[in-house]
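Student: Below you'll find run-v1.pdb; it's PDB, C-alpha atoms.
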MODEL        1
ATOM      1  CA  MET A  30      -8.196 -17.505   5.930  1.00  0.00           C
ATOM      2  CA  VAL A  31      -6.474 -14.148   5.585  1.00  0.00           C
ATOM      3  CA  ALA A  32      -8.484 -10.968   6.168  1.00  0.00           C
ATOM      4  CA  LEU A  33      -8.090  -7.851   3.996  1.00  0.00           C
ATOM      5  CA  LEU A  34      -9.248  -4.127   3.943  1.00  0.00           C
ATOM      6  CA  ALA A  35      -8.080  -0.992   2.105  1.00  0.00           C
ATOM      7  CA  VAL A  36      -6.987   2.587   2.973  1.00  0.00           C
ATOM      8  CA  GLY A  37      -6.028   5.639   0.940  1.00  0.00           C
ATOM      9  CA  CYS A  38      -7.850   4.243  -2.026  1.00  0.00           C
ATOM     10  CA  ASP A  39     -10.753   2.080  -1.193  1.00  0.00           C
ATOM     11  CA  GLU A  40     -11.906   0.558  -4.475  1.00  0.00           C
ATOM     12  CA  SER A  41     -10.257   2.160  -1.424  1.00  0.00           C
ATOM     13  CA  LEU A  42      12.042  -5.707   2.203  1.00  0.00           C
ATOM     14  CA  THR A  43      13.855  -4.202   1.913  1.00  0.00           C
ATOM     15  CA  SER A  44      17.336  -3.808   0.905  1.00  0.00           C
ATOM     16  CA  GLY A  45      18.930  -1.483  -1.553  1.00  0.00           C
ATOM     17  CA  PHE A  46      17.733  -0.515  -4.983  1.00  0.00           C
ATOM     18  CA  ASP A  47      18.195  -3.584  -7.185  1.00  0.00           C
ATOM     19  CA  ASP A  48      21.168  -3.218  -9.504  1.00  0.00           C
ATOM     20  CA  THR A  49      19.220  -4.934 -12.275  1.00  0.00           C
ATOM     21  CA  THR A  50      16.794  -2.001 -12.460  1.00  0.00           C
ATOM     22  CA  THR A  51      17.819   0.565 -15.025  1.00  0.00           C
ATOM     23  CA  SER A  52      16.746   4.157 -15.287  1.00  0.00           C
ATOM     24  CA  THR A  53      16.739   6.137 -18.511  1.00  0.00           C
ATOM     25  CA  ASP A  54      14.937   9.133 -19.900  1.00  0.00           C
ATOM     26  CA  GLU A  55      12.443   6.640 -21.270  1.00  0.00           C
ATOM     27  CA  GLY A  56      11.499   5.349 -17.833  1.00  0.00           C
ATOM     28  CA  VAL A  57      12.303   2.583 -15.379  1.00  0.00           C
ATOM     29  CA  VAL A  58      12.339  -1.083 -16.259  1.00  0.00           C
ATOM     30  CA  ALA A  59      11.796  -3.600 -13.470  1.00  0.00           C
ATOM     31  CA  GLY A  60      14.660  -6.041 -13.056  1.00  0.00           C
ATOM     32  CA  ASP A  61      14.635  -9.702 -12.133  1.00  0.00           C
ATOM     33  CA  GLY A  62      14.259  -8.907  -8.428  1.00  0.00           C
ATOM     34  CA  TRP A  63      10.961  -7.035  -8.875  1.00  0.00           C
ATOM     35  CA  GLY A  64       8.562  -7.701  -6.019  1.00  0.00           C
ATOM     36  CA  ALA A  65      10.890 -10.112  -4.212  1.00  0.00           C
ATOM     37  CA  ALA A  66      12.285  -9.856  -0.707  1.00  0.00           C
ATOM     38  CA  THR A  67      15.937  -8.920  -0.813  1.00  0.00           C
ATOM     39  CA  ALA A  68      18.915  -9.867   1.306  1.00  0.00           C
ATOM     40  CA  GLY A  69      18.503  -6.826   3.528  1.00  0.00           C
ATOM     41  CA  ALA A  70      15.047  -7.738   4.782  1.00  0.00           C
ATOM     42  CA  GLY A  71      14.642  -6.442   8.308  1.00  0.00           C
ATOM     43  CA  ALA A  72      17.361  -3.820   7.920  1.00  0.00           C
ATOM     44  CA  PRO A  73      16.822  -0.420   9.567  1.00  0.00           C
ATOM     45  CA  ALA A  74      14.371   1.542   7.443  1.00  0.00           C
ATOM     46  CA  LEU A  75      16.559   4.645   7.735  1.00  0.00           C
ATOM     47  CA  GLN A  76      19.407   2.714   6.116  1.00  0.00           C
ATOM     48  CA  VAL A  77      17.205   1.311   3.350  1.00  0.00           C
ATOM     49  CA  LEU A  78      15.787   4.761   2.643  1.00  0.00           C
ATOM     50  CA  ASP A  79      19.271   5.885   1.624  1.00  0.00           C
ATOM     51  CA  THR A  80      19.321   3.219  -1.102  1.00  0.00           C
ATOM     52  CA  LEU A  81      16.120   4.396  -2.814  1.00  0.00           C
ATOM     53  CA  LYS A  82      16.438   6.314  -6.039  1.00  0.00           C
ATOM     54  CA  VAL A  83      15.421   9.991  -5.757  1.00  0.00           C
ATOM     55  CA  GLN A  84      13.675  11.353  -8.822  1.00  0.00           C
ATOM     56  CA  ASP A  85      10.786  13.603  -9.812  1.00  0.00           C
ATOM     57  CA  HIS A  86       7.365  12.142 -10.513  1.00  0.00           C
ATOM     58  CA  TYR A  87       6.677  10.620 -13.905  1.00  0.00           C
ATOM     59  CA  THR A  88       4.078  12.855 -15.559  1.00  0.00           C
ATOM     60  CA  ARG A  89       3.971  11.848 -19.229  1.00  0.00           C
ATOM     61  CA  LYS A  90       0.767   9.841 -18.778  1.00  0.00           C
ATOM     62  CA  ASP A  91      -1.850  10.309 -16.069  1.00  0.00           C
ATOM     63  CA  TYR A  92      -2.641   7.525 -13.611  1.00  0.00           C
ATOM     64  CA  GLU A  93      -5.788   5.491 -14.263  1.00  0.00           C
ATOM     65  CA  ARG A  94      -7.084   2.882 -11.812  1.00  0.00           C
ATOM     66  CA  ASP A  95      -7.763   0.420 -14.633  1.00  0.00           C
ATOM     67  CA  GLU A  96      -4.011   0.158 -15.229  1.00  0.00           C
ATOM     68  CA  PHE A  97      -3.846  -1.933 -12.030  1.00  0.00           C
ATOM     69  CA  GLY A  98      -6.585  -4.366 -13.023  1.00  0.00           C
ATOM     70  CA  SER A  99     -10.110  -4.707 -11.693  1.00  0.00           C
ATOM     71  CA  SER A 100     -10.630  -4.075  -7.989  1.00  0.00           C
ATOM     72  CA  TRP A 101     -10.281  -6.872  -5.459  1.00  0.00           C
ATOM     73  CA  LYS A 102      -9.693 -10.007  -7.455  1.00  0.00           C
ATOM     74  CA  ASP A 103      -9.118 -13.431  -5.933  1.00  0.00           C
ATOM     75  CA  VAL A 104      -5.446 -13.416  -6.870  1.00  0.00           C
ATOM     76  CA  ASP A 105      -4.435 -16.159  -4.404  1.00  0.00           C
ATOM     77  CA  HIS A 106      -7.271 -18.432  -5.589  1.00  0.00           C
ATOM     78  CA  ASN A 107      -8.530 -19.151  -2.064  1.00  0.00           C
ATOM     79  CA  GLY A 108     -12.127 -18.459  -3.064  1.00  0.00           C
ATOM     80  CA  CYS A 109     -12.250 -14.988  -1.459  1.00  0.00           C
ATOM     81  CA  ASP A 110     -11.535 -11.629  -3.050  1.00  0.00           C
ATOM     82  CA  THR A 111      -8.669  -9.535  -1.715  1.00  0.00           C
ATOM     83  CA  ARG A 112     -10.893  -7.044   0.097  1.00  0.00           C
ATOM     84  CA  ASN A 113     -12.596  -9.720   2.174  1.00  0.00           C
ATOM     85  CA  ASP A 114      -9.263 -11.437   2.775  1.00  0.00           C
ATOM     86  CA  ILE A 115      -7.978  -8.231   4.366  1.00  0.00           C
ATOM     87  CA  LEU A 116     -11.132  -7.760   6.424  1.00  0.00           C
ATOM     88  CA  HIS A 117     -10.706 -11.280   7.796  1.00  0.00           C
ATOM     89  CA  ARG A 118      -7.090 -10.494   8.633  1.00  0.00           C
ATOM     90  CA  ASP A 119      -7.453  -7.061  10.205  1.00  0.00           C
ATOM     91  CA  LEU A 120     -10.851  -7.123  11.934  1.00  0.00           C
ATOM     92  CA  HIS A 121     -11.797  -8.994  15.069  1.00  0.00           C
ATOM     93  CA  SER A 122     -15.137 -10.213  16.416  1.00  0.00           C
ATOM     94  CA  ILE A 123     -16.317 -10.703  12.850  1.00  0.00           C
ATOM     95  CA  THR A 124     -19.519 -12.279  11.565  1.00  0.00           C
ATOM     96  CA  VAL A 125     -19.749 -13.744   8.075  1.00  0.00           C
ATOM     97  CA  ARG A 126     -22.465 -14.606   5.608  1.00  0.00           C
ATOM     98  CA  LYS A 127     -23.797 -18.120   6.184  1.00  0.00           C
ATOM     99  CA  SER A 128     -24.065 -18.869   2.497  1.00  0.00           C
ATOM    100  CA  ASP A 129     -20.569 -17.525   1.772  1.00  0.00           C
ATOM    101  CA  THR A 130     -18.145 -17.358   4.691  1.00  0.00           C
ATOM    102  CA  CYS A 131     -15.765 -15.223   2.632  1.00  0.00           C
ATOM    103  CA  ILE A 132     -18.112 -12.249   3.024  1.00  0.00           C
ATOM    104  CA  VAL A 133     -17.506 -10.308   6.232  1.00  0.00           C
ATOM    105  CA  LEU A 134     -20.756  -8.778   7.499  1.00  0.00           C
ATOM    106  CA  THR A 135     -19.656  -7.072  10.715  1.00  0.00           C
ATOM    107  CA  GLY A 136     -16.567  -6.678  12.823  1.00  0.00           C
ATOM    108  CA  GLU A 137     -14.398  -4.300  14.828  1.00  0.00           C
ATOM    109  CA  LEU A 138     -11.218  -2.617  13.684  1.00  0.00           C
ATOM    110  CA  SER A 139      -8.460  -1.333  15.930  1.00  0.00           C
ATOM    111  CA  ASP A 140      -7.581   1.393  13.474  1.00  0.00           C
ATOM    112  CA  PRO A 141      -3.797   1.909  13.260  1.00  0.00           C
ATOM    113  CA  TYR A 142      -4.109   5.382  11.743  1.00  0.00           C
ATOM    114  CA  THR A 143      -6.226   6.915  14.520  1.00  0.00           C
ATOM    115  CA  ASN A 144      -5.951   4.507  17.490  1.00  0.00           C
ATOM    116  CA  ARG A 145      -9.749   4.311  17.513  1.00  0.00           C
ATOM    117  CA  ILE A 146     -12.061   1.319  17.505  1.00  0.00           C
ATOM    118  CA  VAL A 147     -14.127   1.448  14.319  1.00  0.00           C
ATOM    119  CA  ARG A 148     -17.236  -0.681  13.861  1.00  0.00           C
ATOM    120  CA  PHE A 149     -17.658  -2.269  10.448  1.00  0.00           C
ATOM    121  CA  ASP A 150     -21.180  -3.095   9.262  1.00  0.00           C
ATOM    122  CA  ARG A 151     -21.452  -4.161   5.644  1.00  0.00           C
ATOM    123  CA  GLY A 152     -25.173  -3.454   5.454  1.00  0.00           C
ATOM    124  CA  ARG A 153     -25.297  -0.108   7.248  1.00  0.00           C
ATOM    125  CA  ASN A 154     -21.965   1.638   6.738  1.00  0.00           C
ATOM    126  CA  ALA A 155     -19.527  -0.431   4.694  1.00  0.00           C
ATOM    127  CA  SER A 156     -17.395   2.628   3.921  1.00  0.00           C
ATOM    128  CA  GLY A 157     -16.731   3.213   7.631  1.00  0.00           C
ATOM    129  CA  VAL A 158     -13.828   0.817   7.176  1.00  0.00           C
ATOM    130  CA  GLN A 159     -11.850   1.000   3.964  1.00  0.00           C
ATOM    131  CA  ILE A 160      -8.852  -0.846   2.547  1.00  0.00           C
ATOM    132  CA  ASP A 161      -5.848   1.402   2.122  1.00  0.00           C
ATOM    133  CA  HIS A 162      -2.987   0.941  -0.260  1.00  0.00           C
ATOM    134  CA  VAL A 163      -0.139   2.017   2.012  1.00  0.00           C
ATOM    135  CA  ILE A 164       1.677   3.144  -1.099  1.00  0.00           C
ATOM    136  CA  PRO A 165      -1.205   4.616  -3.094  1.00  0.00           C
ATOM    137  CA  LEU A 166      -1.586   3.214  -6.576  1.00  0.00           C
ATOM    138  CA  ALA A 167      -1.347   6.681  -8.106  1.00  0.00           C
ATOM    139  CA  ASP A 168       1.908   7.317  -6.248  1.00  0.00           C
ATOM    140  CA  ALA A 169       3.267   3.952  -7.371  1.00  0.00           C
ATOM    141  CA  TRP A 170       2.338   4.845 -10.960  1.00  0.00           C
ATOM    142  CA  ARG A 171       4.194   8.168 -10.727  1.00  0.00           C
ATOM    143  CA  THR A 172       7.308   6.550  -9.226  1.00  0.00           C
ATOM    144  CA  GLY A 173       7.882   3.629 -11.563  1.00  0.00           C
ATOM    145  CA  ALA A 174       4.785   1.443 -11.905  1.00  0.00           C
ATOM    146  CA  TYR A 175       3.871   3.085 -15.205  1.00  0.00           C
ATOM    147  CA  ALA A 176       6.657   0.939 -16.737  1.00  0.00           C
ATOM    148  CA  TRP A 177       5.417  -2.360 -15.265  1.00  0.00           C
ATOM    149  CA  THR A 178       3.408  -5.001 -17.059  1.00  0.00           C
ATOM    150  CA  ASP A 179      -0.330  -5.276 -16.432  1.00  0.00           C
ATOM    151  CA  GLU A 180       0.316  -8.448 -14.435  1.00  0.00           C
ATOM    152  CA  GLN A 181       2.862  -6.705 -12.202  1.00  0.00           C
ATOM    153  CA  ARG A 182       0.519  -3.809 -11.492  1.00  0.00           C
ATOM    154  CA  GLU A 183      -2.327  -6.180 -10.637  1.00  0.00           C
ATOM    155  CA  ALA A 184      -0.069  -8.118  -8.264  1.00  0.00           C
ATOM    156  CA  PHE A 185       0.987  -4.891  -6.542  1.00  0.00           C
ATOM    157  CA  ALA A 186      -2.613  -3.698  -6.165  1.00  0.00           C
ATOM    158  CA  ASN A 187      -3.523  -6.943  -4.390  1.00  0.00           C
ATOM    159  CA  ASP A 188      -0.368  -7.437  -2.309  1.00  0.00           C
ATOM    160  CA  PRO A 189      -1.490  -7.936   1.339  1.00  0.00           C
ATOM    161  CA  GLU A 190       1.741  -6.283   2.530  1.00  0.00           C
ATOM    162  CA  ASN A 191       0.570  -3.045   0.913  1.00  0.00           C
ATOM    163  CA  LEU A 192      -2.992  -3.270   2.242  1.00  0.00           C
ATOM    164  CA  LEU A 193      -4.449  -2.233   5.594  1.00  0.00           C
ATOM    165  CA  ALA A 194      -8.021  -1.985   6.831  1.00  0.00           C
ATOM    166  CA  VAL A 195      -8.389   1.525   8.213  1.00  0.00           C
ATOM    167  CA  ASP A 196     -10.867   4.168   9.271  1.00  0.00           C
ATOM    168  CA  GLY A 197     -12.786   5.219   6.162  1.00  0.00           C
ATOM    169  CA  PRO A 198     -12.801   9.027   6.559  1.00  0.00           C
ATOM    170  CA  THR A 199      -9.095   9.000   7.453  1.00  0.00           C
ATOM    171  CA  ASN A 200      -8.342   6.948   4.368  1.00  0.00           C
ATOM    172  CA  THR A 201     -10.335   9.378   2.276  1.00  0.00           C
ATOM    173  CA  SER A 202      -8.290  12.275   3.652  1.00  0.00           C
ATOM    174  CA  LYS A 203      -5.089  10.452   2.694  1.00  0.00           C
ATOM    175  CA  SER A 204      -6.205   9.969  -0.916  1.00  0.00           C
ATOM    176  CA  ASP A 205      -3.105   9.441  -3.103  1.00  0.00           C
ATOM    177  CA  GLN A 206      -0.737  11.614  -1.065  1.00  0.00           C
ATOM    178  CA  ASN A 207       2.808  10.511  -0.302  1.00  0.00           C
ATOM    179  CA  ALA A 208       4.743  10.916   2.949  1.00  0.00           C
ATOM    180  CA  SER A 209       5.574  14.562   2.270  1.00  0.00           C
ATOM    181  CA  GLU A 210       1.857  15.347   2.154  1.00  0.00           C
ATOM    182  CA  TRP A 211       0.203  12.962   4.634  1.00  0.00           C
ATOM    183  CA  LEU A 212       1.041  10.937   7.742  1.00  0.00           C
ATOM    184  CA  PRO A 213      -1.241   8.912  10.031  1.00  0.00           C
ATOM    185  CA  PRO A 214      -2.825  11.139  12.709  1.00  0.00           C
ATOM    186  CA  ALA A 215      -1.700   8.654  15.386  1.00  0.00           C
ATOM    187  CA  ALA A 216       1.878   9.783  16.004  1.00  0.00           C
ATOM    188  CA  GLY A 217       2.834   6.392  17.413  1.00  0.00           C
ATOM    189  CA  TYR A 218       2.084   4.701  14.091  1.00  0.00           C
ATOM    190  CA  GLN A 219       4.081   7.042  11.889  1.00  0.00           C
ATOM    191  CA  CYS A 220       7.351   5.107  12.198  1.00  0.00           C
ATOM    192  CA  PRO A 221       5.836   1.711  11.265  1.00  0.00           C
ATOM    193  CA  TYR A 222       3.886   3.376   8.447  1.00  0.00           C
ATOM    194  CA  ILE A 223       6.979   4.962   6.905  1.00  0.00           C
ATOM    195  CA  ALA A 224       8.994   1.783   7.475  1.00  0.00           C
ATOM    196  CA  ARG A 225       6.392  -0.127   5.488  1.00  0.00           C
ATOM    197  CA  GLN A 226       6.478   2.411   2.675  1.00  0.00           C
ATOM    198  CA  VAL A 227      10.267   2.264   2.547  1.00  0.00           C
ATOM    199  CA  GLY A 228      10.267  -1.531   2.543  1.00  0.00           C
ATOM    200  CA  LEU A 229       7.706  -1.691  -0.239  1.00  0.00           C
ATOM    201  CA  LYS A 230       9.419   0.962  -2.338  1.00  0.00           C
ATOM    202  CA  SER A 231      12.634  -1.031  -2.076  1.00  0.00           C
ATOM    203  CA  ARG A 232      10.943  -4.338  -2.796  1.00  0.00           C
ATOM    204  CA  TYR A 233       9.138  -3.037  -5.868  1.00  0.00           C
ATOM    205  CA  GLN A 234      11.980  -0.801  -7.062  1.00  0.00           C
ATOM    206  CA  LEU A 235       9.917   2.373  -6.852  1.00  0.00           C
ATOM    207  CA  TRP A 236      11.619   5.701  -6.388  1.00  0.00           C
ATOM    208  CA  VAL A 237      10.889   8.630  -4.055  1.00  0.00           C
ATOM    209  CA  THR A 238      10.801  12.357  -4.688  1.00  0.00           C
ATOM    210  CA  GLN A 239      13.195  14.555  -2.756  1.00  0.00           C
ATOM    211  CA  ALA A 240      10.367  15.979  -0.643  1.00  0.00           C
ATOM    212  CA  GLU A 241       9.135  12.461   0.094  1.00  0.00           C
ATOM    213  CA  ALA A 242      12.611  11.251   1.074  1.00  0.00           C
ATOM    214  CA  ASP A 243      13.069  14.253   3.372  1.00  0.00           C
ATOM    215  CA  ALA A 244       9.716  13.632   5.073  1.00  0.00           C
ATOM    216  CA  MET A 245      10.473   9.923   5.517  1.00  0.00           C
ATOM    217  CA  ARG A 246      13.871  10.697   7.007  1.00  0.00           C
ATOM    218  CA  ALA A 247      12.371  13.195   9.449  1.00  0.00           C
ATOM    219  CA  VAL A 248      10.049  10.477  10.778  1.00  0.00           C
ATOM    220  CA  LEU A 249      12.646   7.707  10.866  1.00  0.00           C
ATOM    221  CA  ASN A 250      15.181   9.899  12.673  1.00  0.00           C
ATOM    222  CA  ASN A 251      12.860   9.502  15.674  1.00  0.00           C
ATOM    223  CA  CYS A 252      13.084   5.691  15.466  1.00  0.00           C
ATOM    224  CA  PRO A 253      16.479   4.845  13.910  1.00  0.00           C
ATOM    225  CA  SER A 254      16.256   1.162  14.876  1.00  0.00           C
ATOM    226  CA  GLN A 255      12.864   0.660  13.218  1.00  0.00           C
ATOM    227  CA  SER A 256      13.129  -2.212  10.726  1.00  0.00           C
ATOM    228  CA  THR A 257      11.614  -2.119   7.270  1.00  0.00           C
ATOM    229  CA  LEU A 258       8.194  -3.698   6.828  1.00  0.00           C
ATOM    230  CA  GLY A 259       6.310  -4.917   3.798  1.00  0.00           C
ATOM    231  CA  GLY A 260       8.615  -7.764   2.876  1.00  0.00           C
TER     232      GLY A 260
ENDMDL
END
If you convert what's in this file into structure tokens, what do you get?

Tutor:
Amino acid sequence: MVALLAVGCDESLTSGFDDTTTSTDEGVVAGDGWGAATAGAGAPALQVLDTLKVQDHYTRKDYERDEFGSSWKDVDHNGCDTRNDILHRDLHSITVRKSDTCIVLTGELSDPYTNRIVRFDRGRNASGVQIDHVIPLADAWRTGAYAWTDEQREAFANDPENLLAVDGPTNTSKSDQNASEWLPPAAGYQCPYIARQVGLKSRYQLWVTQAEADAMRAVLNNCPSQSTLGG
């Protein structure tokens, strides 16, 4: 069973930009390679960053969470919703409900964003651990997801590669900010975090703003051999 949690919005691959994706004044249309690992999987994130399209945010229509489907569906049909899948994956020393072993009751998280051990207790403080979308859904919307189908947005919202169980208050502070506005407090996790964002932006053919690209490059210059993640 895979465990799942969410950060940045607890409801809260990585090669170059796919040539089949077209950009016009009317928006971006996902090409045939949308959401698929590309031939450059595992390439240095700094190199992949240079292939991402740089463009201002889309602002013609405001982001709404409902555009990405209902929260935490059982998209892989394993009997567990995505949130509990991530909790199973990312927590250790877990206990589960006897009548439904999908439901995680307690556990411990080695939080990547703060380097702290966070105790999860569903009954007492469920929000102490949240599931973060590494690329926030609102940011995805503003950088290309507005043009996706409903099915594509739902798949993105439930993609385990874009989900991490994290410290709740830290996730809340992240909100929907991109790399130019927020980085994990744990300096040692900033390179993997940005590498995952770069990999996912490449995989899903999302663009970056100039400020975002500059912030990503500043981090990755400190770890030029760091491979992309999220593939």

Student: Here is a test: counting only C-alpha atoms, which residue of A:Thr172, A:Ser99, A:Ser256, A:Gln181 is nearest to Val83 in chain A?

Tutor: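 Of all the options, A:Thr172 lies closest to Val83 in chain A.
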
Student: What is the CA of Gln239 in chain A-CA of Asp168 in chain A distance in Å, reported with one decimal?

Tutor: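 Rounded to one decimal, the two atoms are 13.9 Å apart.
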
Student: Taking into account all atoms listed in the file, which residue in the set A:Ser254, A:Ser231, A:Thr111, A:Thr130 is nearest to Lys82 in chain A?

Tutor: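 Looking at the shortest contact to Lys82 in chain A, the residue is A:Ser231.
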
Student: Once the PyMOL selection byres ((chain A and resi 185-199) around 6) has been evaluated on this model, what residues remain selected, and can you format them as number ranges by chain?

Tutor: A: 34-36, 140, 156-163, 182-184, 200-202, 259

Student: Which residues are close to Leu75 in chain A, i.e. within 7 Å by only C-alpha atoms, leaving aside same-chain residues fewer than 6 positions away? Reply as an MDAnalysis selection string.

Tutor: chainID A and resid 246 249 253

Student: Enumerate, as a count of residues only, the residues matched when the PyMOL selection byres ((chain A and resi 175) around 9) is run on the file above.

Tutor: 16

Student: On this file, the PyMOL selection byres ((chain A and resi 131) around 9) gives some set of residues; write that set as a ChimeraX atom specification.

Tutor: /A:30,108-110,113-114,117,125-126,129-130,132-133

Student: One number please: CA of Asp205 in chain A to CA of Ala72 in chain A, in Å, one decimal.

Tutor: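 Answer for the CA of Asp205 in chain A to CA of Ala72 in chain A separation: 26.8 Å.
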
Student: Using all atoms listed in the file, which protein or nucleic acid residues come within 10 Å of Ala240 in chain A? Drop anything in the same chain fewer than 3 positions from it, and give the result as an MDAnalysis selection string.

Tutor: chainID A and resid 83:85 207:210 237 243:246
